[in-house]
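Here the structure comes first, spelled out in structure tokens, and everything after it is commentary.
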Amino acid sequence: MSKTFLVAAPTGANRTKNGRCLGRALERLGFTVHFFDYDNCGALACVPKPLRGARWESAARACVNESLIKTVARLRPDYFLCVKGLVLSRETIREIGAMGAMTIGYWIDDPLDHARSLINAGAYDLYLTNDAHSVGHYREAGLKNVRYFPSAVDETLFRPCETKHGSASVSFVGTVSARRREVITEVLDFDICAYGSGWKKQSWMPSAKAGHEVFGDRLNEVFSSSKVNLNIHNWFGQGTAMNLRLFEVPAAGGFLLTDWVKEIDEHFVEGKHIACWRSIEELRDKIGWFLSHESERTRIAAEGHAHVLKHHTYTVRARELLAMVA
């Protein structure tokens, strides 16, 4: 009889996809997987957002926790896996463990949101973080149940595509931040488009270079068809973690030029699978060079694609997770 997982994570469109992708990978490996969407607070969701206050928040949290306990009691999973999930209480997590499930938490926002991660981390049997450097911080806080678990990609969502319309030579996808503004300002003389929340509100940004948020097939298309996909980590200098672009761009068959973070050297060969930059001067030089050397872009994109499909899909991560809990 196969083991059963209950995965607590958002399941709605354009919401954090890590939990859905990891759960689907476990299904592909033959496990029975159920999903619990902790964004669903029942009838309370009908209350207009402007009318929601502290009492609504408290009622919504109680609704979600009560619903989850009932779901666990009905399904009796062998494993309970929660991605983020701060709406859950420590008491709920411990009660799930008391019902016989191994409880696994997965925090995907280290190092920037580390403090909030500590709220529930100690309640789980096993706690996973996307940032290797943060493991030491958890241990300093007295937690011994923490393991490094890097991000990955669902190769059914990100894959090479033939559609090539509407992409700039250089593309960046990500929410506006101070660091990202600084970098994008320095490369506006290239044929570049920055897609994501906030770019169209930047008064200094030429309208033709500011794109809307992109999701799903359109996001895959941007990665697949852009000559250069630029990556800018929000936590530069604060942690070692790789963001999702390290995996999604190569999976889409795109060429990635990313700012260097420490974990890259553990998982990729620079110049073979991806290209890296460490300063604005190097970034500008490499954008110009790769735009004029198509064969090198194509070679790196092809090698990166094969490497990610072999080592960094959610199916690979699911097997790694299973080895941890065996």
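Residue names in the structure tokens use chain letters A, B, ... in the order shown, residue numbers from 1 in each chain, and ligand numbers from 1 in the order shown.
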Counting only C-alpha atoms, what is within 12 Å of region 100-106 of chain A, bar same-chain residues fewer than 6 positions away, as number ranges by chain?
A: 3-9, 18-19, 22, 69, 72-73, 75-86, 88, 90, 92-94, 117-131, 145-151, 321-322, 324-326
May I have the residues within 9 Å of region 253-268 of chain A as a VMD selection string, using only C-alpha atoms and disregarding those fewer than 4 positions away in the same chain?
chain A and resid 131 to 132 158 to 161 222 to 233 236 to 237 239 to 242 245 to 246 248 to 249 272 to 279 283 286 to 287 297 to 302 304 to 308 311 to 312
What are the DSSP helix (DSSP H, G or I) residues of region 73-232 of chain A, as an NGL selection string?
:A and (73-75 or 90-98 or 114-121 or 134-140 or 178-185 or 199-201 or 207-209 or 216-225)
Nearest-residue call for Tyr314 (chain A), choices A:Glu155, A:Lys49, A:Asn40, A:Ser134, using only C-alpha atoms
A:Glu155
Env of Phe190 (chain A): 9 Å cut, atoms = only C-alpha atoms, seq-sep filter 2 positions within chain, self excluded. Answer as a list in words.
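Result of the neighbour search: Ser169, Val170, Val187, Leu188, Ile192, Ile287 and Gly288 of chain A.
For the choices A:Ala168, A:Asp113, A:Leu26, A:Ala60, the atom-to-atom distance to Cys46 (chain A) is smallest for A:Ala60 when using only C-alpha atoms.
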Could you please determine the separation between CA of Ala252 (chain A) and CA of Glu162 (chain A) in Å, to one decimal place?
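Calculated distance between CA of Ala252 (chain A) and CA of Glu162 (chain A) is 10.8 Å.
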Closest of A:Ala59, A:Thr185, A:Lys201, A:Leu244 to Thr16 (chain A) - atom-to-atom distances counting only C-alpha atoms:
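Residue with the minimum atom-to-atom distance to Thr16 (chain A): A:Leu244.
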Within region 240-316 of chain A, find each residue whose DSSP state, derived from the backbone, is strand (DSSP E), and express the selection as a count of residues only.
7
Can you measure CA of Cys21 (chain A) to CA of Ser89 (chain A) for me? One decimal in Å is fine.
24.0 Å
Hey, what's within 10 Å of Gln202 (chain A) if we count only C-alpha atoms and toss same-chain stuff fewer than 5 positions away? As a CSV table (one decimal) with all heavy atoms, in the first residue's frame, please?
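File written: result_37.csv
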chain,number,residue,atom,x,y,z
A,176,VAL,N,9.5,44.7,-8.5
A,176,VAL,CA,10.4,45.9,-8.2
A,176,VAL,C,10.9,45.8,-6.8
A,176,VAL,O,10.2,45.5,-5.8
A,176,VAL,CB,9.6,47.2,-8.4
A,176,VAL,CG1,10.5,48.4,-8.0
A,176,VAL,CG2,9.3,47.4,-9.9
A,181,ARG,N,15.9,48.0,-9.1
A,181,ARG,CA,15.8,49.3,-9.7
A,181,ARG,C,17.2,49.8,-10.1
A,181,ARG,O,17.4,50.3,-11.2
A,181,ARG,CB,15.1,50.3,-8.8
A,181,ARG,CG,13.6,50.3,-8.8
A,181,ARG,CD,13.0,51.5,-8.2
A,181,ARG,NE,13.4,51.7,-6.8
A,181,ARG,CZ,12.8,51.3,-5.8
A,181,ARG,NH1,11.6,50.7,-5.9
A,181,ARG,NH2,13.2,51.5,-4.6
A,207,SER,N,8.0,53.6,-20.9
A,207,SER,CA,6.8,52.7,-20.9
A,207,SER,C,7.1,51.5,-21.8
A,207,SER,O,6.6,50.4,-21.4
A,207,SER,CB,5.6,53.5,-21.4
A,207,SER,OG,5.9,54.0,-22.7
A,210,ALA,N,8.8,48.7,-19.7
A,210,ALA,CA,8.1,48.2,-18.5
A,210,ALA,C,6.9,47.3,-18.8
A,210,ALA,O,6.0,47.7,-19.5
A,210,ALA,CB,7.6,49.4,-17.6
